[in-house]
$ cat run22.tsv   # TSV, C-alpha atoms
chain	number	residue	atom	x	y	z
E	125	MET	CA	-59.19	-145.34	-96.39
E	126	ASP	CA	-57.26	-142.92	-94.17
E	127	ARG	CA	-54.94	-140.02	-94.96
E	128	GLU	CA	-51.85	-142.18	-95.08
E	129	ASP	CA	-53.49	-144.54	-97.59
E	130	ILE	CA	-54.41	-141.57	-99.77
E	131	ARG	CA	-50.91	-140.17	-99.49
E	132	SER	CA	-49.32	-143.42	-100.53
E	133	HIS	CA	-51.81	-143.69	-103.42
E	134	ILE	CA	-50.81	-140.23	-104.63
E	135	GLU	CA	-47.09	-140.75	-104.15
E	136	ASN	CA	-47.20	-143.99	-106.11
E	137	ALA	CA	-49.66	-143.01	-108.83
E	138	GLY	CA	-48.12	-143.78	-112.21
E	139	ASN	CA	-50.10	-141.20	-114.13
E	140	LEU	CA	-48.97	-138.06	-112.31
E	141	PRO	CA	-46.33	-135.81	-113.85
E	142	THR	CA	-42.78	-136.36	-112.70
E	143	LEU	CA	-40.17	-133.66	-112.45
E	144	PRO	CA	-37.54	-134.69	-114.97
E	145	ASP	CA	-33.82	-134.23	-114.25
E	146	VAL	CA	-33.61	-131.50	-116.85
E	147	VAL	CA	-36.13	-129.40	-114.91
E	148	LEU	CA	-34.16	-129.74	-111.68
E	149	ARG	CA	-30.93	-128.90	-113.53
E	150	ILE	CA	-32.45	-125.76	-115.04
E	151	ALA	CA	-33.96	-124.70	-111.73
E	152	ASP	CA	-30.53	-125.17	-110.16
E	153	MET	CA	-28.81	-123.17	-112.93
E	154	ALA	CA	-31.32	-120.35	-112.54
E	155	ASP	CA	-30.37	-120.12	-108.86
E	156	ARG	CA	-26.64	-119.72	-109.53
E	157	SER	CA	-25.40	-116.16	-109.97
E	158	GLU	CA	-22.77	-117.02	-112.61
E	159	THR	CA	-25.39	-118.43	-115.04
E	160	THR	CA	-25.95	-116.24	-118.09
E	161	GLY	CA	-29.28	-115.85	-119.86
E	162	ARG	CA	-27.75	-117.45	-122.94
E	163	GLN	CA	-26.67	-120.56	-121.01
E	164	LEU	CA	-30.08	-120.94	-119.44
E	165	GLY	CA	-31.84	-120.49	-122.78
E	166	LEU	CA	-29.58	-123.08	-124.44
E	167	GLU	CA	-30.17	-125.61	-121.68
E	168	ILE	CA	-33.94	-125.25	-121.95
E	169	GLU	CA	-33.81	-125.42	-125.75
E	170	ARG	CA	-31.94	-128.75	-125.57
E	171	ASP	CA	-35.19	-130.28	-124.37
E	172	GLN	CA	-37.71	-129.68	-127.10
E	173	VAL	CA	-40.73	-130.93	-125.19
E	174	LEU	CA	-39.90	-128.68	-122.28
E	175	SER	CA	-39.24	-125.72	-124.61
E	176	ALA	CA	-42.63	-126.19	-126.21
E	177	LYS	CA	-44.34	-126.39	-122.84
E	178	VAL	CA	-42.60	-123.27	-121.54
E	179	LEU	CA	-43.54	-121.30	-124.67
E	180	LYS	CA	-47.09	-122.56	-124.43
E	181	LEU	CA	-47.33	-121.36	-120.84
E	182	VAL	CA	-45.68	-118.01	-121.63
E	183	ASN	CA	-48.28	-117.48	-124.35
E	184	SER	CA	-51.23	-118.93	-122.45
E	185	GLY	CA	-52.41	-115.75	-120.79
E	186	PHE	CA	-50.30	-116.28	-117.67
E	187	TYR	CA	-48.52	-113.01	-118.46
E	188	GLY	CA	-51.06	-111.31	-120.66
E	189	PHE	CA	-48.50	-110.29	-123.32
E	190	SER	CA	-50.10	-108.71	-126.37
E	191	GLN	CA	-47.55	-110.25	-128.80
E	192	PRO	CA	-46.81	-113.98	-128.87
E	193	ILE	CA	-43.31	-114.99	-127.74
E	194	ALA	CA	-41.82	-117.51	-130.15
E	195	ALA	CA	-38.30	-118.19	-128.85
E	196	ILE	CA	-36.88	-119.37	-125.53
E	197	PRO	CA	-34.00	-116.82	-125.45
E	198	HIS	CA	-36.57	-114.06	-125.96
E	199	ALA	CA	-38.63	-115.48	-123.10
E	200	VAL	CA	-35.56	-115.61	-120.82
E	201	THR	CA	-34.61	-111.99	-121.60
E	202	LEU	CA	-38.13	-110.75	-121.23
E	203	LEU	CA	-39.10	-112.62	-118.09
E	204	GLY	CA	-35.88	-113.10	-116.15
E	205	PHE	CA	-34.44	-116.14	-114.40
E	206	ASP	CA	-36.87	-116.45	-111.51
E	207	THR	CA	-39.84	-116.41	-113.80
E	208	ILE	CA	-38.33	-118.94	-116.17
E	209	LYS	CA	-37.57	-121.19	-113.24
E	210	SER	CA	-41.15	-121.15	-111.99
E	211	LEU	CA	-42.40	-121.60	-115.55
E	212	VAL	CA	-40.24	-124.65	-116.05
E	213	LEU	CA	-41.62	-126.07	-112.82
E	214	SER	CA	-45.21	-125.32	-113.79
E	215	ALA	CA	-45.02	-126.36	-117.43
E	216	ASN	CA	-45.51	-130.04	-116.71
E	217	VAL	CA	-48.87	-129.68	-115.03
E	218	LEU	CA	-50.37	-127.25	-117.51
E	219	ASP	CA	-52.13	-129.80	-119.70
E	220	LEU	CA	-53.49	-131.81	-116.79
E	221	MET	CA	-55.06	-128.74	-115.28
E	222	LYS	CA	-56.83	-127.85	-118.49
E	223	ASP	CA	-58.53	-131.26	-118.59
E	224	ALA	CA	-59.37	-131.76	-114.93
E	225	LEU	CA	-62.39	-129.54	-114.27
E	226	PRO	CA	-64.20	-126.99	-116.47
E	227	GLY	CA	-62.92	-123.52	-115.64
E	228	LEU	CA	-60.10	-124.68	-113.34
E	229	TRP	CA	-57.41	-123.42	-115.70
E	230	GLU	CA	-59.00	-119.97	-115.93
E	231	HIS	CA	-59.41	-119.88	-112.14
E	232	SER	CA	-55.75	-120.87	-111.67
E	233	LEU	CA	-54.47	-118.26	-114.15
E	234	ALA	CA	-56.57	-115.55	-112.54
E	235	CYS	CA	-55.30	-116.59	-109.11
E	236	ALA	CA	-51.66	-116.49	-110.29
E	237	ARG	CA	-52.05	-112.98	-111.66
E	238	THR	CA	-54.05	-111.80	-108.63
E	239	CYS	CA	-51.28	-113.10	-106.34
E	240	GLY	CA	-49.00	-110.88	-108.44
E	241	PHE	CA	-51.28	-107.84	-107.95
E	242	ILE	CA	-51.42	-108.42	-104.20
E	243	ALA	CA	-47.63	-108.93	-103.97
E	244	ASP	CA	-47.18	-105.77	-106.01
E	245	HIS	CA	-49.50	-103.83	-103.70
E	246	LEU	CA	-47.48	-105.11	-100.74
E	247	ALA	CA	-44.16	-104.36	-102.51
E	248	MET	CA	-43.04	-107.98	-101.94
E	249	ASP	CA	-39.69	-109.03	-103.44
E	250	ASP	CA	-40.38	-112.53	-104.71
E	251	LEU	CA	-43.22	-111.88	-107.09
E	252	GLU	CA	-42.67	-114.97	-109.21
E	253	GLU	CA	-42.75	-117.50	-106.43
E	254	ILE	CA	-46.06	-116.24	-105.12
E	255	ARG	CA	-47.49	-116.20	-108.64
E	256	THR	CA	-46.43	-119.81	-109.11
E	257	ALA	CA	-48.07	-120.71	-105.80
E	258	GLY	CA	-51.24	-119.06	-107.12
E	259	LEU	CA	-51.03	-120.95	-110.39
E	260	LEU	CA	-50.62	-124.28	-108.61
E	261	HIS	CA	-52.90	-123.67	-105.58
E	262	ASP	CA	-55.58	-126.09	-106.85
E	263	LEU	CA	-53.15	-128.63	-108.26
E	264	GLY	CA	-54.44	-131.06	-105.61
E	265	LYS	CA	-57.78	-131.30	-107.42
E	266	VAL	CA	-55.90	-132.50	-110.51
E	267	VAL	CA	-53.82	-134.85	-108.38
E	268	LEU	CA	-56.96	-136.39	-106.85
E	269	ARG	CA	-58.55	-136.90	-110.26
E	270	GLN	CA	-55.41	-138.51	-111.67
E	271	ALA	CA	-54.53	-140.69	-108.70
E	272	MET	CA	-57.98	-141.66	-107.37
E	273	GLU	CA	-60.69	-141.31	-109.95
E	274	ASP	CA	-63.41	-142.97	-107.83
E	275	ALA	CA	-62.75	-140.73	-104.86
E	276	PHE	CA	-62.79	-137.71	-107.17
E	277	ALA	CA	-66.20	-138.78	-108.52
E	278	ARG	CA	-67.56	-139.26	-104.97
E	279	VAL	CA	-66.34	-135.78	-104.00
E	280	GLN	CA	-67.97	-134.29	-107.10
E	281	ARG	CA	-71.27	-136.05	-106.35
E	282	ARG	CA	-71.21	-134.73	-102.81
E	283	ILE	CA	-70.51	-131.17	-103.98
E	284	LYS	CA	-73.56	-131.37	-106.22
E	285	GLU	CA	-75.93	-133.06	-103.77
E	286	GLU	CA	-75.01	-131.08	-100.66
E	287	ASP	CA	-73.89	-127.83	-102.35
E	288	LEU	CA	-70.50	-127.82	-100.63
E	289	LEU	CA	-67.13	-126.26	-101.27
E	290	PHE	CA	-64.76	-128.70	-102.99
E	291	PHE	CA	-62.65	-128.45	-99.80
E	292	GLU	CA	-65.61	-129.35	-97.54
E	293	ALA	CA	-66.68	-132.29	-99.69
E	294	GLU	CA	-63.13	-133.66	-99.63
E	295	GLN	CA	-62.94	-133.31	-95.86
E	296	ARG	CA	-66.25	-135.14	-95.35
E	297	GLU	CA	-65.61	-137.83	-97.94
E	298	LEU	CA	-61.87	-138.41	-97.50
E	299	GLY	CA	-60.78	-136.65	-94.31
E	300	ALA	CA	-58.09	-134.79	-96.30
E	301	HIS	CA	-58.12	-132.01	-98.92
E	302	HIS	CA	-56.58	-130.80	-102.18
E	303	GLY	CA	-54.08	-128.52	-100.43
E	304	GLU	CA	-52.54	-131.60	-98.84
E	305	PHE	CA	-52.78	-133.66	-102.03
E	306	ALA	CA	-50.78	-131.03	-103.93
E	307	SER	CA	-48.23	-130.72	-101.14
E	308	TRP	CA	-47.55	-134.47	-101.15
E	309	LEU	CA	-46.72	-134.36	-104.85
E	310	LEU	CA	-44.71	-131.14	-104.65
E	311	GLU	CA	-42.71	-132.42	-101.69
E	312	LYS	CA	-41.91	-135.52	-103.70
E	313	TRP	CA	-40.59	-133.13	-106.35
E	314	SER	CA	-38.41	-131.49	-103.64
E	315	LEU	CA	-39.85	-128.03	-104.25
E	316	PRO	CA	-39.14	-125.39	-101.58
E	317	GLU	CA	-41.43	-125.15	-98.56
E	318	ARG	CA	-41.94	-121.48	-99.40
E	319	LEU	CA	-43.83	-122.61	-102.49
E	320	VAL	CA	-45.44	-125.74	-101.05
E	321	ARG	CA	-46.88	-124.47	-97.74
E	322	PRO	CA	-49.08	-121.68	-99.16
E	323	ILE	CA	-50.58	-124.22	-101.58
E	324	ALA	CA	-51.06	-126.76	-98.78
E	325	ASP	CA	-52.74	-124.31	-96.39
E	326	HIS	CA	-54.73	-121.94	-98.61
E	327	HIS	CA	-58.00	-123.29	-97.13
E	328	THR	CA	-56.65	-123.78	-93.60
E	329	PHE	CA	-54.89	-120.47	-92.97
E	330	THR	CA	-53.90	-119.63	-89.38
E	331	LEU	CA	-51.26	-117.23	-88.10
E	332	GLU	CA	-49.29	-120.31	-87.00
E	333	CYS	CA	-48.96	-121.70	-90.55
E	334	PRO	CA	-45.37	-121.93	-91.78
E	335	PHE	CA	-44.94	-119.13	-94.35
E	336	ALA	CA	-48.20	-117.61	-93.10
E	337	TYR	CA	-47.58	-114.35	-95.00
E	338	TYR	CA	-47.38	-116.13	-98.38
E	339	THR	CA	-50.30	-118.36	-97.41
E	340	ALA	CA	-52.40	-115.30	-96.63
E	341	VAL	CA	-51.71	-113.92	-100.14
E	342	VAL	CA	-52.87	-117.14	-101.85
E	343	HIS	CA	-55.90	-117.45	-99.50
E	344	LEU	CA	-56.96	-113.88	-100.38
E	345	ALA	CA	-56.30	-114.26	-104.13
E	346	ASP	CA	-58.36	-117.48	-104.35
E	347	ILE	CA	-61.34	-115.80	-102.67
E	348	LEU	CA	-61.13	-112.64	-104.80
E	349	CYS	CA	-61.00	-114.72	-108.00
E	350	ARG	CA	-64.11	-116.64	-106.93
E	351	ALA	CA	-65.85	-113.36	-106.04
E	352	GLU	CA	-64.99	-111.85	-109.44
E	353	SER	CA	-66.13	-115.14	-111.07
E	354	PHE	CA	-62.91	-115.81	-113.01
E	355	GLY	CA	-63.07	-119.48	-114.04
E	356	ARG	CA	-64.49	-122.12	-111.69
E	357	GLY	CA	-63.02	-123.94	-108.70
E	358	GLY	CA	-65.21	-127.04	-109.16
E	359	ASP	CA	-68.04	-125.89	-106.85
E	360	ARG	CA	-70.56	-123.04	-106.52
E	361	LYS	CA	-69.37	-121.64	-103.18
E	362	ILE	CA	-66.79	-119.25	-101.78
E	363	PRO	CA	-64.72	-119.75	-98.63
E	364	ARG	CA	-64.85	-117.07	-95.92
E	365	LEU	CA	-61.94	-114.63	-95.97
E	366	ASP	CA	-60.09	-114.93	-92.67
E	367	PRO	CA	-59.76	-111.38	-91.24
E	368	GLN	CA	-56.50	-112.47	-89.61
E	369	ALA	CA	-55.02	-113.04	-93.08
E	370	LEU	CA	-55.85	-109.45	-94.03
E	371	ALA	CA	-54.47	-108.21	-90.72
E	372	LEU	CA	-51.22	-110.12	-91.24
E	373	LEU	CA	-50.82	-108.52	-94.68
E	374	GLU	CA	-51.75	-105.13	-93.12
E	375	LEU	CA	-54.46	-104.68	-95.74
E	376	THR	CA	-57.75	-102.85	-95.20
E	377	ALA	CA	-61.05	-103.33	-97.01
E	378	ASP	CA	-60.07	-100.27	-99.12
E	379	ASP	CA	-56.85	-102.02	-100.21
E	380	VAL	CA	-58.92	-105.05	-101.22
E	381	ALA	CA	-61.12	-102.75	-103.31
E	382	VAL	CA	-58.04	-101.35	-105.09
E	383	ILE	CA	-56.80	-104.88	-105.86
E	384	MET	CA	-60.22	-105.90	-107.17
E	385	GLU	CA	-60.33	-102.83	-109.43
E	386	ARG	CA	-56.99	-103.90	-110.90
E	387	MET	CA	-58.29	-107.44	-111.44
E	388	ASN	CA	-61.33	-106.04	-113.21
E	389	GLU	CA	-59.12	-103.88	-115.45
E	390	GLU	CA	-56.30	-106.31	-116.23
E	391	LEU	CA	-57.91	-109.76	-116.30
E	392	ARG	CA	-60.26	-109.02	-119.19
E	393	ASP	CA	-58.73	-111.87	-121.19
E	394	ILE	CA	-59.88	-114.45	-118.61
E	395	ALA	CA	-63.44	-115.80	-118.85
E	396	ARG	CA	-65.94	-115.15	-116.05
E	397	MET	CA	-68.15	-118.16	-115.34
H	138	MET	CA	-71.02	-121.00	-128.87
H	139	ARG	CA	-73.42	-123.95	-128.72
H	140	VAL	CA	-75.26	-126.23	-131.08
H	141	ILE	CA	-79.03	-126.16	-130.66
H	142	ALA	CA	-82.01	-127.76	-132.40
H	143	VAL	CA	-84.03	-125.33	-134.49
H	144	GLU	CA	-86.98	-125.84	-132.10
H	145	GLN	CA	-84.85	-124.40	-129.26
H	146	ALA	CA	-83.78	-121.31	-131.19
H	147	GLN	CA	-85.14	-117.95	-130.04
H	148	VAL	CA	-85.62	-114.58	-131.64
H	149	GLY	CA	-82.42	-112.59	-131.04
H	150	ASP	CA	-80.03	-115.57	-131.02
H	151	ARG	CA	-76.82	-114.67	-132.82
H	152	ILE	CA	-75.54	-117.07	-135.49
H	153	ALA	CA	-72.00	-118.32	-134.72
H	154	GLU	CA	-71.52	-120.53	-137.81
H	155	PRO	CA	-73.10	-119.85	-141.22
H	156	VAL	CA	-76.36	-121.63	-142.04
H	157	HIS	CA	-76.39	-123.15	-145.56
H	158	ASN	CA	-79.16	-124.68	-147.61
H	159	GLU	CA	-78.71	-128.06	-149.31
H	160	ASN	CA	-76.97	-126.42	-152.28
H	161	GLY	CA	-74.41	-124.74	-150.07
H	162	ARG	CA	-75.89	-121.28	-150.41
H	163	VAL	CA	-75.47	-119.17	-147.26
H	164	LEU	CA	-78.88	-118.46	-145.78
H	165	LEU	CA	-77.68	-116.80	-142.58
H	166	PRO	CA	-74.16	-115.37	-142.23
H	167	VAL	CA	-72.09	-115.37	-139.03
H	168	GLY	CA	-73.15	-112.59	-136.70
H	169	SER	CA	-76.71	-112.25	-137.98
H	170	ARG	CA	-79.52	-112.36	-135.46
H	171	LEU	CA	-82.60	-114.52	-135.76
H	172	SER	CA	-85.74	-112.54	-136.48
H	173	ALA	CA	-89.24	-113.95	-135.91
H	174	ALA	CA	-89.68	-114.21	-139.68
H	175	VAL	CA	-86.44	-116.16	-140.21
H	176	LEU	CA	-87.12	-118.36	-137.21
H	177	SER	CA	-90.46	-119.48	-138.62
H	178	ARG	CA	-88.85	-120.40	-141.96
H	179	LEU	CA	-85.78	-122.35	-140.72
H	180	SER	CA	-87.48	-125.76	-140.60
H	181	GLY	CA	-88.96	-125.19	-144.06
H	182	TRP	CA	-85.42	-124.61	-145.37
H	183	GLY	CA	-84.49	-128.09	-144.16
H	184	VAL	CA	-82.29	-126.77	-141.34
H	185	SER	CA	-82.45	-128.93	-138.20
H	186	GLU	CA	-79.59	-127.54	-136.05
H	187	ILE	CA	-77.82	-124.18	-135.81
H	188	VAL	CA	-74.78	-122.91	-133.92
H	189	VAL	CA	-75.47	-119.78	-131.86
H	190	GLU	CA	-73.35	-117.61	-129.58
H	191	SER	CA	-73.65	-119.14	-126.12
H	192	GLU	CA	-75.74	-116.39	-124.56
H	193	ARG	CA	-76.76	-112.83	-125.05
H	194	ALA	CA	-74.55	-110.53	-122.97
H	195	SER	CA	-77.44	-109.39	-120.80
H	196	GLU	CA	-78.44	-112.97	-120.02
H	197	ARG	CA	-74.83	-113.88	-119.32
H	198	ALA	CA	-74.39	-111.05	-116.84
H	199	HIS	CA	-77.70	-112.01	-115.25
H	200	ASP	CA	-76.51	-115.61	-114.81
H	201	LEU	CA	-73.21	-114.41	-113.33
H	202	LEU	CA	-75.08	-112.26	-110.81
H	203	ASP	CA	-77.33	-115.19	-109.84
H	204	GLU	CA	-74.26	-117.35	-109.29
H	205	LEU	CA	-72.69	-114.56	-107.24
H	206	ASP	CA	-75.75	-114.47	-104.92
H	207	HIS	CA	-75.62	-118.24	-104.55
H	208	ARG	CA	-71.89	-118.19	-103.83
H	209	PHE	CA	-72.18	-115.63	-101.05
H	210	ALA	CA	-75.51	-116.83	-99.59
H	211	GLU	CA	-74.03	-118.14	-96.34
H	212	TRP	CA	-71.97	-114.99	-95.66
H	213	GLU	CA	-74.83	-112.46	-95.43
H	214	GLU	CA	-73.81	-111.63	-91.85
H	215	ASP	CA	-70.11	-111.17	-92.64
H	216	VAL	CA	-69.37	-107.48	-93.27
H	217	LEU	CA	-66.06	-108.05	-95.06
H	218	MET	CA	-67.46	-110.75	-97.36
H	219	MET	CA	-70.45	-108.51	-98.19
H	220	GLN	CA	-68.05	-105.66	-99.11
H	221	ILE	CA	-66.18	-107.99	-101.47
H	222	LYS	CA	-69.46	-109.21	-102.95
H	223	GLN	CA	-70.64	-105.64	-103.59
H	224	ILE	CA	-67.47	-104.72	-105.49
H	225	ALA	CA	-67.70	-107.91	-107.59
H	226	ARG	CA	-71.41	-107.20	-108.20
H	227	ASP	CA	-70.56	-103.73	-109.55
H	228	HIS	CA	-67.96	-105.22	-111.89
H	229	LEU	CA	-70.26	-108.00	-113.13
H	230	SER	CA	-73.17	-105.57	-113.63
H	231	ARG	CA	-71.00	-103.46	-115.94
H	232	LEU	CA	-70.51	-106.46	-118.27
H	233	VAL	CA	-74.03	-105.97	-119.63
$ encode --input "run22.tsv" --output "structure tokens"
Amino acid sequence: MDREDIRSHIENAGNLPTLPDVVLRIADMADRSETTGRQLGLEIERDQVLSAKVLKLVNSGFYGFSQPIAAIPHAVTLLGFDTIKSLVLSANVLDLMKDALPGLWEHSLACARTCGFIADHLAMDDLEEIRTAGLLHDLGKVVLRQAMEDAFARVQRRIKEEDLLFFEAEQRELGAHHGEFASWLLEKWSLPERLVRPIADHHTFTLECPFAYYTAVVHLADILCRAESFGRGGDRKIPRLDPQALALLELTADDVAVIMERMNEELRDIARM
Amino acid sequence: MRVIAVEQAQVGDRIAEPVHNENGRVLLPVGSRLSAAVLSRLSGWGVSEIVVESERASERAHDLLDELDHRFAEWEEDVLMMQIKQIARDHLSRLV
């Protein structure tokens, strides 16, 4: 089975989440400057399943609010359009991620929030997009499990027997990896390259990657979350941090230490494993 | 928390769900720790399984540090990776 076979398997899998029209409509509304918070809230509330999923995600620890948020309009006011848009996009994969691998949800949440800390440290503008990329960076592992259960089991066996990274086991077993698997699904959903490429390349960072700056943030966040032991990525290893990624972000080892201190302080609600 | 057979229980394990006798009387409340005396009597009380907190904090931190060593084993020569490991080690050590 080659990469193209796997791709077609993933693109045609019946059990992967689809992006319903309502999600695309809301994402589109959120992008338009004339949309009011009230309009956006009403549109989301018209879809009860989506409303429930968005509220579940808002209250899941993604934001670390101390008080639960019970209403969509409240969520829109509190979080702003960009956040709501990325939440709507992420809401559909939430449940799948919780079931896929023990600890993957915690790892993904920690990575989302760490992407936020890094973006904050770098004074980046589009905080929410990079957080969403962090949340979805391992989506490909879920995609593989849903679309090709046998291949997923073979990868897992190989991780255990040879003590490999999930990424390495996929490469050896399938000749492709979870970054690509996620990107094939997200491209099918017509999500922007800015969001898709950092997810696709978080294990294969080079300075030539499209959106290399964003990719470097997700690459760094993934490694810091594994170092700090937040959740599990499905293996017992850690990838090597590419010094070129740090150089591109103009971060020093001291900056990394500051970011890790913030993780240690602010991610207390996420389990270490 | 985890369910264990009474034979696996150890002195110091913390009870996560109350232990009752056959009449429903609470023998061990949530949060109590197993003493050697209680441990020796559990089987006699007709208790076969108990629910305990998953691990003692010190053991948990110890396990996390072992996993950390395993995770970083192949990067011993990489200065940057060792710096990251050291910071994480300090954080994990403070969990005890």
$ interface_residues --input "run22.tsv" --of "chain H" --to "chain E" --cutoff "10 Å" --atoms "all atoms listed in the file" --output "list of chain:residue names"
H:Arg197, H:Ala198, H:Asp200, H:Leu201, H:Leu202, H:Glu204, H:Leu205, H:Asp206, H:His207, H:Arg208, H:Phe209, H:Ala210, H:Glu211, H:Trp212, H:Asp215, H:Leu217, H:Met218, H:Gln220, H:Ile221, H:Lys222, H:Gln223, H:Ile224, H:Ala225, H:Arg226, H:Asp227, H:His228, H:Leu229
$ atom_distance --input "run22.tsv" --atom1 "atom CA of Ala215 of chain E" --atom2 "atom CA of Met272 of chain E"
22.4 Å
$ residues_near_point --input "run22.tsv" --point "(-53.7, -114.9, -93.5)" --cutoff "12 Å" --atoms "only C-alpha atoms" --output "ChimeraX atom specification"
/E:322,325-345,347,364-375
$ atom_distance --input "run22.tsv" --atom1 "atom CA of Ile196 of chain E" --atom2 "atom CA of Leu179 of chain E"
7.0 Å
$ residues_around --input "run22.tsv" --residues "Ser185 of chain H" --least-positions-apart "6" --cutoff "9 Å" --atoms "only C-alpha atoms" --output "list of chain:residue names"
H:Ile141, H:Ala142, H:Val143, H:Glu144, H:Leu179
$ write_last_selection --input "run22.tsv" --atoms "C-alpha atoms" --output "PDB file, in the coordinates of the input"
ATOM      1  CA  ILE H 141     -79.030-126.160-130.660  1.00  0.00           C
ATOM      2  CA  ALA H 142     -82.010-127.760-132.400  1.00  0.00           C
ATOM      3  CA  VAL H 143     -84.030-125.330-134.490  1.00  0.00           C
ATOM      4  CA  GLU H 144     -86.980-125.840-132.100  1.00  0.00           C
ATOM      5  CA  LEU H 179     -85.780-122.350-140.720  1.00  0.00           C
TER       6      LEU H 179
END
$ residues_around --input "run22.tsv" --residues "Val267 of chain E" --least-positions-apart "2" --cutoff "8 Å" --atoms "all atoms listed in the file" --output "VMD selection string"
chain E and resid 134 140 263 to 265 269 to 271 302 305 to 306 309
$ atom_distance --input "run22.tsv" --atom1 "atom CA of Glu252 of chain E" --atom2 "atom CA of Gly161 of chain E"
17.1 Å
$ closest_residue --input "run22.tsv" --among "E:Glu317, E:Glu273, E:Glu128, E:Asp262" --to "Trp229 of chain E" --atoms "all atoms listed in the file"
E:Asp262
$ residues_around --input "run22.tsv" --residues "Val217 of chain E" --least-positions-apart "4" --cutoff "10 Å" --atoms "only C-alpha atoms" --output "list in words"
Leu140, Pro141, Thr142, Leu143, Lys177, Leu213, Met221, Lys222, Leu260, Leu263, Val266 and Val267 of chain E
$ axis_aligned_box --input "run22.tsv" --around "segment 197-213 of chain H" --padding-each-side "4 Å" --output "AutoDock Vina command-line options"
--center_x -74.8 --center_y -114.6 --center_z -107.4 --size_x 13.8 --size_y 15.2 --size_z 31.9
$ closest_residue --input "run22.tsv" --among "E:Ser184, E:Arg170, E:Arg386, E:Leu268" --to "Leu225 of chain E" --atoms "all atoms listed in the file"
E:Leu268
$ decode --input "run22.tsv" --residues "segment 335-348 of chain E" --atoms "N, CA and C atoms" --output "PDB file, in the first residue's frame"
ATOM      1  N   PHE E 335       4.748  28.382   5.499  1.00  0.00           N
ATOM      2  CA  PHE E 335       4.348  28.786   6.857  1.00  0.00           C
ATOM      3  C   PHE E 335       5.308  28.222   7.913  1.00  0.00           C
ATOM      4  N   ALA E 336       6.605  28.333   7.605  1.00  0.00           N
ATOM      5  CA  ALA E 336       7.633  27.759   8.485  1.00  0.00           C
ATOM      6  C   ALA E 336       7.571  28.350   9.893  1.00  0.00           C
ATOM      7  N   TYR E 337       7.216  29.638  10.005  1.00  0.00           N
ATOM      8  CA  TYR E 337       7.187  30.288  11.318  1.00  0.00           C
ATOM      9  C   TYR E 337       6.133  29.627  12.215  1.00  0.00           C
ATOM     10  N   TYR E 338       4.935  29.442  11.667  1.00  0.00           N
ATOM     11  CA  TYR E 338       3.858  28.773  12.417  1.00  0.00           C
ATOM     12  C   TYR E 338       4.243  27.325  12.736  1.00  0.00           C
ATOM     13  N   THR E 339       4.855  26.671  11.735  1.00  0.00           N
ATOM     14  CA  THR E 339       5.249  25.272  11.910  1.00  0.00           C
ATOM     15  C   THR E 339       6.260  25.142  13.048  1.00  0.00           C
ATOM     16  N   ALA E 340       7.173  26.114  13.119  1.00  0.00           N
ATOM     17  CA  ALA E 340       8.187  26.092  14.179  1.00  0.00           C
ATOM     18  C   ALA E 340       7.523  26.193  15.557  1.00  0.00           C
ATOM     19  N   VAL E 341       6.464  27.000  15.663  1.00  0.00           N
ATOM     20  CA  VAL E 341       5.757  27.151  16.947  1.00  0.00           C
ATOM     21  C   VAL E 341       5.146  25.807  17.373  1.00  0.00           C
ATOM     22  N   VAL E 342       4.471  25.128  16.437  1.00  0.00           N
ATOM     23  CA  VAL E 342       3.813  23.856  16.781  1.00  0.00           C
ATOM     24  C   VAL E 342       4.867  22.777  17.092  1.00  0.00           C
ATOM     25  N   HIS E 343       5.953  22.752  16.304  1.00  0.00           N
ATOM     26  CA  HIS E 343       7.063  21.814  16.521  1.00  0.00           C
ATOM     27  C   HIS E 343       7.622  21.991  17.948  1.00  0.00           C
ATOM     28  N   LEU E 344       7.857  23.231  18.339  1.00  0.00           N
ATOM     29  CA  LEU E 344       8.400  23.520  19.671  1.00  0.00           C
ATOM     30  C   LEU E 344       7.393  23.143  20.761  1.00  0.00           C
ATOM     31  N   ALA E 345       6.129  23.530  20.577  1.00  0.00           N
ATOM     32  CA  ALA E 345       5.104  23.272  21.598  1.00  0.00           C
ATOM     33  C   ALA E 345       4.936  21.768  21.835  1.00  0.00           C
ATOM     34  N   ASP E 346       4.919  20.992  20.767  1.00  0.00           N
ATOM     35  CA  ASP E 346       4.764  19.531  20.888  1.00  0.00           C
ATOM     36  C   ASP E 346       5.892  18.963  21.757  1.00  0.00           C
ATOM     37  N   ILE E 347       7.118  19.393  21.477  1.00  0.00           N
ATOM     38  CA  ILE E 347       8.282  18.860  22.196  1.00  0.00           C
ATOM     39  C   ILE E 347       8.262  19.298  23.670  1.00  0.00           C
ATOM     40  N   LEU E 348       7.888  20.547  23.927  1.00  0.00           N
ATOM     41  CA  LEU E 348       7.846  21.017  25.315  1.00  0.00           C
ATOM     42  C   LEU E 348       6.763  20.280  26.107  1.00  0.00           C
TER      43      LEU E 348
END
